[in-house]
Every structure is written in C-alpha cells, then in structure tokens.
Amino acid sequence: ADHVHVTFELPTRAAAELAATGLATTVYSGPTGEPRASLLESVRGASGIICLLSDRIDAELMDAAGPSLRVVANYAVGYDNVDVAAAKERGIVVANTPGVLDNATADLAFALLLATSRRLVESDRFVRAGNDWKWEPDLFVGLDVSGGATLGIVGLGRIGMAVARRAAAFDMQIVATGSRASSPEAAALGVRAVELPELLTTSDVISLHLPLTPDTHHLIGAAELQAMKTSAVLINTARGPIVDELALIDALRDGVIGAAGLDVYEWEPTVSKGLLSLPNVVTAPHIGSAGRATREKMGSLAVQNVTAVLAGRPAPTAVAS
Ligand code: GLV
Ligand code: GLV
C-alpha cells in the first residue's frame, strides 16, 4: 500500500486534507529539519515524500526510498534542494508550490525594501537604546522610495511581478530582467525590460527573484556590486548563493553599496558574522512565505501534488524536467 512520508508538521488544514485521503502517512515531528539518517530511514518504501527546502533530496535519498517512490512534493517554490535529473531518471515526479506564495514573498521583499531604504531597524535600535533624541534634520535620513526611485527586479517571474505591482503603487520607476520583463502585464505596470548591466547601474534598489541554478550561482559578485550605485540597496528573498556573500560584506563595509535587506544566506542557516556587525543590513530568517494563509495553501498544494500522482493523475504543479 502507498505510504507518504512528511518531513515536518503540515499546517492544520493541510494535515487534515492529507489524513482525509486515507493514505498511510509517517510524519517527522521532531525539531524542524529531519536529521539525514532519520530521513534515509523514514523514506524507505515510501511512494511519496512531502519535504522542506532544507531537506536534500538527492539520488542517495531516492535510492533509500526505493522503486516505490513516485512523487516528491517540495513545500517551497524553489527546488534547488531536489536533484531533478536524478528524479527524472527514476521516473519520480517533482512538484513545488508556485503561485500561492507570490504575494507573501513580495510583501516581505517590500518590507525589507522599506526597512533598509528608510533605515527602520537602525532607528528602532536607536530608540530602544534609550538615546536622547529630538527632531533633527539629519536624523536617519534615507532613500525616498516613492516618487521616482528606480527599482531593478532581477528575474521578473511570478514573484517579481508581485513586487512590480507594489513598486508601481509607490510610483517607482521599474526596470527588470527576465522572460516576462517585456510582457504586456509588465508594460502595464510601467516596467522597462533591460539587460543586467543596465539594471545594476541605474537602480536605486535591486531585488532578486530568480531560482538558484548553476547559472544564477554568484550572479551578484564583486564586479556586479561594484557596478551598482554607492547608495544602492540590495534585497534578496530568493536564495542565498545567488549572491557572493563575502563580496557583499566587503561592499557593505567599504561603501561600495548602501545597504542590504536579506531573507536568505549563502550558508543558510548560518549567517556570516560579517553581516551581523554592519548597521546597514536588515536580516530575516528565511520567512518570505511565512503568512498563515499562505502556509496552508502551500500545504494543500503539496498534498494535492502527492495525491494526484499516487492516483495516476498529473501533479497540479510539477516542475519541468
Ligand atoms: C521559499 O524559499 C520557497 O522557495 O518557497
Ligand atoms: C517564482 O515562482 C517566480 O516565478 O518568481
């Protein structure tokens, strides 16, 4: 009989939906992040796996599951943790959770954009520290976001488009790279399609919305940071290794760029100490999709992906392989 292994506790409604399918399930319910040895054991004989972006789903794991494994449903839109080629060789469907987290992730990108541009976290620390302050013309002056600042969206896909909608409402100029940058939908938001070099030199704020692939690894390195305005703000809610984190620390420390708002890190969950000592960095612990309703939708979609494949139907959101 089919057995589904879930590497974490699904949100309430999604867990009920999985239970209602009648499929046999096992759930890892320890502290988040099922240890590798446990994971290799838990998946043995499983037909489906619902996993986290922090679970490495590679050939070894698929072979530990064995020939019963037919579907891997990642509880994330990014699936750089899954070896899609190894899955394809074994006839295993890989699915992700696109669409349902676009607004939540764009909201967090915009929160980081505003927090860095207007120095909100620095201001908060200043007030909490009990500093003696009065209104002063120079107190925490930052970048004007509304009314003309240029936002560069690197990788205008579903999430990037949701960021562009917010930027349009703030009267920002928007430039973007990516396949949809010259679409009618982008044009309607005032987006101008550009190549990366032009985006880097013209943007006041640069926000990354690409998947992590061999092509995007260290897409933003020392040379790209050097090309940016000295006041530029870099926002990363995509994947840490898209940015060369050590080069970013140097650039932030040396005034090569102005500030960074980060939800993801190159060596996640480790955050480079160099970042944490800089005042012009706002950090979050990879919470882009962490809205309550969003998480339920991600859970439902993961459950639908597994149940569809085990019922012999196409997964609603299988990734291209
Ligand atoms: C989160 O980072 C995701 O890819 O969904
Ligand atoms: C993510 O799914 C994107 O298309 O931006």
# chains A, B, ... in the order shown; residues from 1 in each chain; ligands from 1
>>> residues_around(residues="Ser207 (chain A)", least_positions_apart="4", cutoff="8 Å", atoms="only C-alpha atoms", output="PyMOL selection string")
chain A and resi 109+151-154+234-237
>>> write_last_selection(atoms="N, CA and C atoms", output="PDB file, in the first residue's frame")
ATOM      1  N   ALA A 109       9.664  41.112   0.600  1.00  0.00           N
ATOM      2  CA  ALA A 109      10.677  41.855  -0.173  1.00  0.00           C
ATOM      3  C   ALA A 109      10.439  43.357  -0.002  1.00  0.00           C
ATOM      4  N   LEU A 151      13.527  50.888  -9.099  1.00  0.00           N
ATOM      5  CA  LEU A 151      13.648  49.520  -8.601  1.00  0.00           C
ATOM      6  C   LEU A 151      14.076  48.619  -9.752  1.00  0.00           C
ATOM      7  N   GLY A 152      15.133  47.851  -9.534  1.00  0.00           N
ATOM      8  CA  GLY A 152      15.563  46.859 -10.515  1.00  0.00           C
ATOM      9  C   GLY A 152      15.159  45.474 -10.039  1.00  0.00           C
ATOM     10  N   ILE A 153      14.323  44.810 -10.807  1.00  0.00           N
ATOM     11  CA  ILE A 153      13.881  43.464 -10.443  1.00  0.00           C
ATOM     12  C   ILE A 153      14.662  42.467 -11.296  1.00  0.00           C
ATOM     13  N   VAL A 154      15.509  41.698 -10.646  1.00  0.00           N
ATOM     14  CA  VAL A 154      16.320  40.718 -11.371  1.00  0.00           C
ATOM     15  C   VAL A 154      15.544  39.410 -11.395  1.00  0.00           C
ATOM     16  N   LEU A 234      20.388  46.411  -1.827  1.00  0.00           N
ATOM     17  CA  LEU A 234      20.192  45.080  -2.413  1.00  0.00           C
ATOM     18  C   LEU A 234      19.241  44.270  -1.531  1.00  0.00           C
ATOM     19  N   ILE A 235      18.197  43.715  -2.159  1.00  0.00           N
ATOM     20  CA  ILE A 235      17.227  42.905  -1.429  1.00  0.00           C
ATOM     21  C   ILE A 235      17.290  41.473  -1.962  1.00  0.00           C
ATOM     22  N   ASN A 236      17.450  40.502  -1.061  1.00  0.00           N
ATOM     23  CA  ASN A 236      17.461  39.098  -1.503  1.00  0.00           C
ATOM     24  C   ASN A 236      16.464  38.274  -0.694  1.00  0.00           C
ATOM     25  N   THR A 237      15.357  37.925  -1.360  1.00  0.00           N
ATOM     26  CA  THR A 237      14.384  36.997  -0.767  1.00  0.00           C
ATOM     27  C   THR A 237      14.326  35.721  -1.601  1.00  0.00           C
TER      28      THR A 237
END
>>> residues_around(residues="Ala308 (chain A)", least_positions_apart="3", cutoff="12 Å", atoms="only C-alpha atoms", output="list in words")
Leu18, Thr21, Gly48, Arg70, Val71, Val72, Ala73, Val93, Ala95, Ser300, Leu301, Ala302, Val303, Gln304, Asn305, Ala311, Gly312, Arg313, Pro314, Ala315, Pro316, Thr317 and Ala318 of chain A
>>> closest_residue(among="A:Ala232, A:Thr97, A:Val77, A:Arg192", to="Ala149 (chain A)", atoms="only C-alpha atoms")
A:Ala232
>>> residues_near_ligand(ligand="ligand 1", cutoff="7 Å", atoms="only C-alpha atoms and all ligand atoms", output="tab-separated table (two decimals) with C-alpha atoms, in the first residue's frame")
chain	number	residue	atom	x	y	z
A	53	LEU	CA	13.64	23.24	1.16
A	75	TYR	CA	6.91	22.64	0.40
A	76	ALA	CA	8.50	25.62	-1.37
A	77	VAL	CA	8.56	27.18	-4.80
A	78	GLY	CA	12.35	26.93	-5.05
A	79	TYR	CA	13.53	23.35	-5.54
A	97	THR	CA	4.36	25.33	-4.65
A	238	ALA	CA	15.32	34.37	-3.39
A	239	ARG	CA	18.26	32.11	-2.50
A	286	HIS	CA	14.02	32.94	5.52
A	288	GLY	CA	9.35	35.07	2.76
A	289	SER	CA	6.36	32.75	2.55
>>> residues_near_ligand(ligand="ligand 2", cutoff="7 Å", atoms="only C-alpha atoms and all ligand atoms", output="count of residues only")
10
>>> atom_distance(atom1="CA of Ala86 (chain A)", atom2="CA of Gly30 (chain A)")
27.9 Å
>>> residues_around(residues="Asp55 (chain A)", least_positions_apart="5", cutoff="8 Å", atoms="only C-alpha atoms", output="list in words")
Gly33, Glu34 and Asn81 of chain A
>>> residues_around(residues="Gly258 (chain A)", least_positions_apart="5", cutoff="12 Å", atoms="only C-alpha atoms", output="VMD selection string")
chain A and resid 116 to 119 142 to 143 204 to 206 225 to 226 228 to 235 248 to 253 278 to 282
>>> write_last_selection(atoms="C-alpha atoms", output="JSON list (two decimals), in the first residue's frame")
[["chain", "number", "residue", "atom", "x", "y", "z"],
["A", 116, "THR", "CA", 16.53, 49.29, 4.51],
["A", 117, "SER", "CA", 15.70, 52.41, 2.48],
["A", 118, "ARG", "CA", 14.20, 54.27, 5.45],
["A", 119, "ARG", "CA", 16.63, 52.76, 8.00],
["A", 142, "GLY", "CA", 17.49, 57.65, 3.87],
["A", 143, "LEU", "CA", 16.32, 56.92, 0.35],
["A", 204, "ASP", "CA", 18.42, 52.60, -6.51],
["A", 205, "VAL", "CA", 17.07, 49.33, -5.14],
["A", 206, "ILE", "CA", 17.81, 45.90, -6.64],
["A", 225, "LEU", "CA", 28.30, 45.12, -6.65],
["A", 226, "GLN", "CA", 30.97, 47.49, -7.95],
["A", 228, "MET", "CA", 25.87, 49.45, -8.58],
["A", 229, "LYS", "CA", 25.34, 52.98, -7.24],
["A", 230, "THR", "CA", 27.21, 53.62, -3.98],
["A", 231, "SER", "CA", 23.78, 54.27, -2.42],
["A", 232, "ALA", "CA", 22.24, 51.07, -3.86],
["A", 233, "VAL", "CA", 20.09, 48.83, -1.67],
["A", 234, "LEU", "CA", 20.19, 45.08, -2.41],
["A", 235, "ILE", "CA", 17.23, 42.91, -1.43],
["A", 248, "LEU", "CA", 28.61, 41.57, -0.26],
["A", 249, "ILE", "CA", 30.06, 42.04, 3.21],
["A", 250, "ASP", "CA", 33.09, 43.84, 1.75],
["A", 251, "ALA", "CA", 30.84, 46.03, -0.41],
["A", 252, "LEU", "CA", 28.60, 46.98, 2.51],
["A", 253, "ARG", "CA", 31.56, 47.68, 4.79],
["A", 278, "LEU", "CA", 27.03, 46.02, 9.91],
["A", 279, "PRO", "CA", 24.39, 48.67, 10.73],
["A", 280, "ASN", "CA", 23.21, 48.89, 7.09],
["A", 281, "VAL", "CA", 21.93, 45.31, 6.94],
["A", 282, "VAL", "CA", 18.41, 44.13, 7.79]]
>>> atom_distance(atom1="CA of Cys51 (chain A)", atom2="CA of Phe8 (chain A)")
7.2 Å
>>> atom_distance(atom1="CA of Leu120 (chain A)", atom2="CA of Val141 (chain A)")
10.4 Å
>>> residues_around(residues="Pro35 (chain A)", least_positions_apart="6", cutoff="12 Å", atoms="only C-alpha atoms", output="MDAnalysis selection string")
chainID A and resid 7:8 28:29 41:42 54:56
>>> write_last_selection(atoms="C-alpha atoms", output="compact mmCIF listing (two decimals), in the first residue's frame")
# COMPACT_ATOMS: atom_id res chain seq x y z
CA THR A 7 9.38 15.55 6.93
CA PHE A 8 7.66 18.18 9.11
CA TYR A 28 8.74 13.53 11.33
CA SER A 29 7.70 15.65 14.28
CA GLU A 41 15.25 5.51 7.19
CA SER A 42 11.79 7.18 7.11
CA SER A 54 16.20 22.29 3.81
CA ASP A 55 15.86 18.56 3.03
CA ARG A 56 18.39 17.41 0.45
>>> select_by_dssp(residues="region 230-284 of chain A", states="alpha helix (DSSP H)", output="list in words")
Glu245, Leu246, Ala247, Leu248, Ile249, Asp250, Ala251, Leu252, Arg253, Lys273, Gly274, Leu275 and Leu276 of chain A
>>> select_by_dssp(residues="region 110-227 of chain A", states="strand (DSSP E)", output="JSON, numbers by chain")
{"A": [150, 151, 152, 153, 154, 173, 174, 175, 176, 177, 191, 192, 193, 205, 206, 207, 208]}
>>> residues_around(residues="Arg44 (chain A)", least_positions_apart="2", cutoff="12 Å", atoms="only C-alpha atoms", output="PDB file with N, CA and C atoms, in the first residue's frame")
ATOM      1  N   ASP A   2       0.338   2.316  -0.582  1.00  0.00           N
ATOM      2  CA  ASP A   2       1.116   3.555  -0.668  1.00  0.00           C
ATOM      3  C   ASP A   2       1.320   4.175   0.704  1.00  0.00           C
ATOM      4  N   HIS A   3       2.486   4.730   0.878  1.00  0.00           N
ATOM      5  CA  HIS A   3       2.841   5.373   2.137  1.00  0.00           C
ATOM      6  C   HIS A   3       3.511   6.703   1.793  1.00  0.00           C
ATOM      7  N   VAL A   4       3.080   7.732   2.498  1.00  0.00           N
ATOM      8  CA  VAL A   4       3.626   9.075   2.259  1.00  0.00           C
ATOM      9  C   VAL A   4       4.406   9.501   3.489  1.00  0.00           C
ATOM     10  N   HIS A   5       5.639   9.953   3.286  1.00  0.00           N
ATOM     11  CA  HIS A   5       6.405  10.480   4.417  1.00  0.00           C
ATOM     12  C   HIS A   5       6.448  12.003   4.348  1.00  0.00           C
ATOM     13  N   THR A  26       3.618   8.835   7.465  1.00  0.00           N
ATOM     14  CA  THR A  26       4.505   9.000   8.616  1.00  0.00           C
ATOM     15  C   THR A  26       4.918  10.464   8.607  1.00  0.00           C
ATOM     16  N   ALA A  37      20.075  10.852   8.734  1.00  0.00           N
ATOM     17  CA  ALA A  37      19.994   9.411   8.996  1.00  0.00           C
ATOM     18  C   ALA A  37      18.538   8.992   9.195  1.00  0.00           C
ATOM     19  N   SER A  38      17.782   9.836   9.897  1.00  0.00           N
ATOM     20  CA  SER A  38      16.370   9.554  10.128  1.00  0.00           C
ATOM     21  C   SER A  38      15.606   9.603   8.807  1.00  0.00           C
ATOM     22  N   LEU A  39      15.925  10.608   8.003  1.00  0.00           N
ATOM     23  CA  LEU A  39      15.235  10.784   6.721  1.00  0.00           C
ATOM     24  C   LEU A  39      15.459   9.567   5.811  1.00  0.00           C
ATOM     25  N   LEU A  40      16.702   9.096   5.739  1.00  0.00           N
ATOM     26  CA  LEU A  40      17.015   7.955   4.881  1.00  0.00           C
ATOM     27  C   LEU A  40      16.224   6.719   5.330  1.00  0.00           C
ATOM     28  N   GLU A  41      16.009   6.632   6.636  1.00  0.00           N
ATOM     29  CA  GLU A  41      15.252   5.514   7.193  1.00  0.00           C
ATOM     30  C   GLU A  41      13.746   5.691   6.944  1.00  0.00           C
ATOM     31  N   SER A  42      13.247   6.916   7.200  1.00  0.00           N
ATOM     32  CA  SER A  42      11.789   7.183   7.106  1.00  0.00           C
ATOM     33  C   SER A  42      11.224   6.976   5.708  1.00  0.00           C
ATOM     34  N   ALA A  46       8.593   4.380   0.737  1.00  0.00           N
ATOM     35  CA  ALA A  46       7.562   5.410   0.561  1.00  0.00           C
ATOM     36  C   ALA A  46       7.213   5.588  -0.916  1.00  0.00           C
ATOM     37  N   SER A  47       5.949   5.931  -1.178  1.00  0.00           N
ATOM     38  CA  SER A  47       5.517   6.246  -2.547  1.00  0.00           C
ATOM     39  C   SER A  47       5.602   7.739  -2.796  1.00  0.00           C
ATOM     40  N   GLY A  48       5.463   8.510  -1.709  1.00  0.00           N
ATOM     41  CA  GLY A  48       5.514   9.968  -1.840  1.00  0.00           C
ATOM     42  C   GLY A  48       6.228  10.587  -0.658  1.00  0.00           C
ATOM     43  N   ILE A  49       6.856  11.728  -0.911  1.00  0.00           N
ATOM     44  CA  ILE A  49       7.532  12.473   0.153  1.00  0.00           C
ATOM     45  C   ILE A  49       7.090  13.932   0.063  1.00  0.00           C
ATOM     46  N   GLU A  60      20.897   9.505  -3.545  1.00  0.00           N
ATOM     47  CA  GLU A  60      21.044   8.597  -2.407  1.00  0.00           C
ATOM     48  C   GLU A  60      19.707   8.434  -1.663  1.00  0.00           C
ATOM     49  N   LEU A  61      19.028   9.577  -1.480  1.00  0.00           N
ATOM     50  CA  LEU A  61      17.743   9.569  -0.776  1.00  0.00           C
ATOM     51  C   LEU A  61      16.682   8.807  -1.586  1.00  0.00           C
ATOM     52  N   MET A  62      16.673   9.059  -2.896  1.00  0.00           N
ATOM     53  CA  MET A  62      15.691   8.388  -3.764  1.00  0.00           C
ATOM     54  C   MET A  62      15.938   6.880  -3.755  1.00  0.00           C
ATOM     55  N   ASP A  63      17.204   6.480  -3.760  1.00  0.00           N
ATOM     56  CA  ASP A  63      17.516   5.055  -3.729  1.00  0.00           C
ATOM     57  C   ASP A  63      17.212   4.440  -2.366  1.00  0.00           C
ATOM     58  N   ALA A  64      17.329   5.254  -1.316  1.00  0.00           N
ATOM     59  CA  ALA A  64      16.958   4.759   0.014  1.00  0.00           C
ATOM     60  C   ALA A  64      15.450   4.493   0.062  1.00  0.00           C
ATOM     61  N   ALA A  65      14.682   5.337  -0.624  1.00  0.00           N
ATOM     62  CA  ALA A  65      13.229   5.122  -0.685  1.00  0.00           C
ATOM     63  C   ALA A  65      12.944   3.854  -1.483  1.00  0.00           C
ATOM     64  N   GLY A  66      13.645   3.713  -2.596  1.00  0.00           N
ATOM     65  CA  GLY A  66      13.468   2.530  -3.433  1.00  0.00           C
ATOM     66  C   GLY A  66      12.468   2.769  -4.546  1.00  0.00           C
ATOM     67  N   PRO A  67      12.176   1.713  -5.328  1.00  0.00           N
ATOM     68  CA  PRO A  67      11.382   1.862  -6.559  1.00  0.00           C
ATOM     69  C   PRO A  67       9.925   2.249  -6.307  1.00  0.00           C
ATOM     70  N   SER A  68       9.486   2.192  -5.062  1.00  0.00           N
ATOM     71  CA  SER A  68       8.097   2.597  -4.760  1.00  0.00           C
ATOM     72  C   SER A  68       7.906   4.107  -4.928  1.00  0.00           C
ATOM     73  N   LEU A  69       8.992   4.878  -4.835  1.00  0.00           N
ATOM     74  CA  LEU A  69       8.862   6.342  -4.790  1.00  0.00           C
ATOM     75  C   LEU A  69       8.415   6.910  -6.139  1.00  0.00           C
TER      76      LEU A  69
END
>>> decode(residues="region 78-198 of chain A", atoms="C-alpha atoms", output="tab-separated table (two decimals), in the first residue's frame")
chain	number	residue	atom	x	y	z
A	78	GLY	CA	12.35	26.93	-5.05
A	79	TYR	CA	13.53	23.35	-5.54
A	80	ASP	CA	17.29	23.65	-5.73
A	81	ASN	CA	17.35	21.12	-2.87
A	82	VAL	CA	15.97	18.43	-5.18
A	83	ASP	CA	18.07	16.63	-7.80
A	84	VAL	CA	15.51	16.85	-10.59
A	85	ALA	CA	17.69	14.95	-13.08
A	86	ALA	CA	18.07	12.03	-10.65
A	87	ALA	CA	14.30	12.06	-10.12
A	88	LYS	CA	13.64	12.05	-13.85
A	89	GLU	CA	15.97	9.06	-14.37
A	90	ARG	CA	13.94	7.18	-11.77
A	91	GLY	CA	10.54	8.27	-13.11
A	92	ILE	CA	9.83	10.30	-9.97
A	93	VAL	CA	7.65	13.42	-10.35
A	94	VAL	CA	8.96	16.55	-8.58
A	95	ALA	CA	6.46	19.24	-7.63
A	96	ASN	CA	6.73	22.62	-5.92
A	97	THR	CA	4.36	25.33	-4.65
A	98	PRO	CA	4.37	28.18	-7.18
A	99	GLY	CA	1.81	30.98	-7.19
A	100	VAL	CA	0.37	30.63	-3.69
A	101	LEU	CA	3.31	32.39	-2.05
A	102	ASP	CA	3.89	35.21	-4.55
A	103	ASN	CA	2.14	37.90	-2.51
A	104	ALA	CA	3.62	36.84	0.82
A	105	THR	CA	7.13	36.81	-0.62
A	106	ALA	CA	6.62	40.12	-2.42
A	107	ASP	CA	5.29	41.61	0.83
A	108	LEU	CA	8.46	40.55	2.64
A	109	ALA	CA	10.68	41.85	-0.17
A	110	PHE	CA	8.86	45.18	0.08
A	111	ALA	CA	9.11	45.18	3.87
A	112	LEU	CA	12.89	44.73	3.54
A	113	LEU	CA	12.97	47.40	0.82
A	114	LEU	CA	11.24	49.92	3.06
A	115	ALA	CA	13.14	48.90	6.18
A	116	THR	CA	16.53	49.29	4.51
A	117	SER	CA	15.70	52.41	2.48
A	118	ARG	CA	14.20	54.27	5.45
A	119	ARG	CA	16.63	52.76	8.00
A	120	LEU	CA	13.79	51.46	10.13
A	121	VAL	CA	15.70	48.78	12.01
A	122	GLU	CA	18.60	51.13	12.77
A	123	SER	CA	16.02	53.64	14.01
A	124	ASP	CA	14.34	51.04	16.17
A	125	ARG	CA	17.64	50.04	17.76
A	126	PHE	CA	18.44	53.72	18.35
A	127	VAL	CA	15.16	54.41	20.16
A	128	ARG	CA	15.32	51.21	22.21
A	129	ALA	CA	18.87	52.01	23.28
A	130	GLY	CA	17.40	54.95	25.19
A	131	ASN	CA	19.23	57.55	23.13
A	132	ASP	CA	18.42	61.11	23.95
A	133	TRP	CA	16.84	62.44	20.74
A	134	LYS	CA	14.78	65.27	19.38
A	135	TRP	CA	13.61	66.03	15.85
A	136	GLU	CA	16.68	66.74	13.79
A	137	PRO	CA	17.03	67.48	10.07
A	138	ASP	CA	19.64	64.75	9.64
A	139	LEU	CA	18.22	62.05	11.87
A	140	PHE	CA	18.15	58.74	9.93
A	141	VAL	CA	17.77	60.34	6.54
A	142	GLY	CA	17.49	57.65	3.87
A	143	LEU	CA	16.32	56.92	0.35
A	144	ASP	CA	13.00	58.32	-0.90
A	145	VAL	CA	11.21	55.23	-2.13
A	146	SER	CA	8.05	56.83	-3.53
A	147	GLY	CA	8.03	59.17	-6.45
A	148	GLY	CA	10.94	58.29	-8.62
A	149	ALA	CA	13.40	55.87	-7.08
A	150	THR	CA	14.27	53.13	-9.55
A	151	LEU	CA	13.65	49.52	-8.60
A	152	GLY	CA	15.56	46.86	-10.52
A	153	ILE	CA	13.88	43.46	-10.44
A	154	VAL	CA	16.32	40.72	-11.37
A	155	GLY	CA	14.21	37.85	-12.70
A	156	LEU	CA	10.71	39.07	-13.35
A	157	GLY	CA	8.61	35.93	-12.82
A	158	ARG	CA	5.54	35.44	-10.68
A	159	ILE	CA	7.09	36.82	-7.51
A	160	GLY	CA	8.92	39.61	-9.33
A	161	MET	CA	5.63	40.67	-10.93
A	162	ALA	CA	4.01	40.86	-7.49
A	163	VAL	CA	6.91	43.08	-6.38
A	164	ALA	CA	6.44	45.22	-9.52
A	165	ARG	CA	2.75	45.76	-8.63
A	166	ARG	CA	3.77	47.09	-5.23
A	167	ALA	CA	6.51	49.28	-6.73
A	168	ALA	CA	4.05	50.72	-9.26
A	169	ALA	CA	1.76	51.72	-6.40
A	170	PHE	CA	4.72	53.55	-4.83
A	171	ASP	CA	5.33	55.44	-8.09
A	172	MET	CA	8.74	53.85	-8.50
A	173	GLN	CA	10.47	53.57	-11.86
A	174	ILE	CA	10.81	49.87	-12.60
A	175	VAL	CA	13.41	48.09	-14.71
A	176	ALA	CA	13.62	44.33	-14.91
A	177	THR	CA	15.37	41.35	-16.44
A	178	GLY	CA	13.74	38.04	-17.21
A	179	SER	CA	11.45	36.45	-19.72
A	180	ARG	CA	8.34	38.34	-18.65
A	181	ALA	CA	10.01	41.77	-18.43
A	182	SER	CA	8.73	42.65	-21.89
A	183	SER	CA	5.26	41.11	-21.43
A	184	PRO	CA	2.09	43.22	-21.72
A	185	GLU	CA	1.49	42.67	-17.99
A	186	ALA	CA	4.90	44.19	-17.20
A	187	ALA	CA	4.37	47.04	-19.66
A	188	ALA	CA	1.05	47.85	-17.96
A	189	LEU	CA	2.97	48.36	-14.70
A	190	GLY	CA	5.48	50.63	-16.43
A	191	VAL	CA	8.27	48.05	-16.35
A	192	ARG	CA	11.15	48.66	-18.76
A	193	ALA	CA	12.97	45.49	-19.85
A	194	VAL	CA	16.75	45.86	-19.61
A	195	GLU	CA	19.84	43.68	-19.50
A	196	LEU	CA	21.51	43.07	-16.15
A	197	PRO	CA	24.43	45.54	-16.64
A	198	GLU	CA	22.00	48.43	-17.22
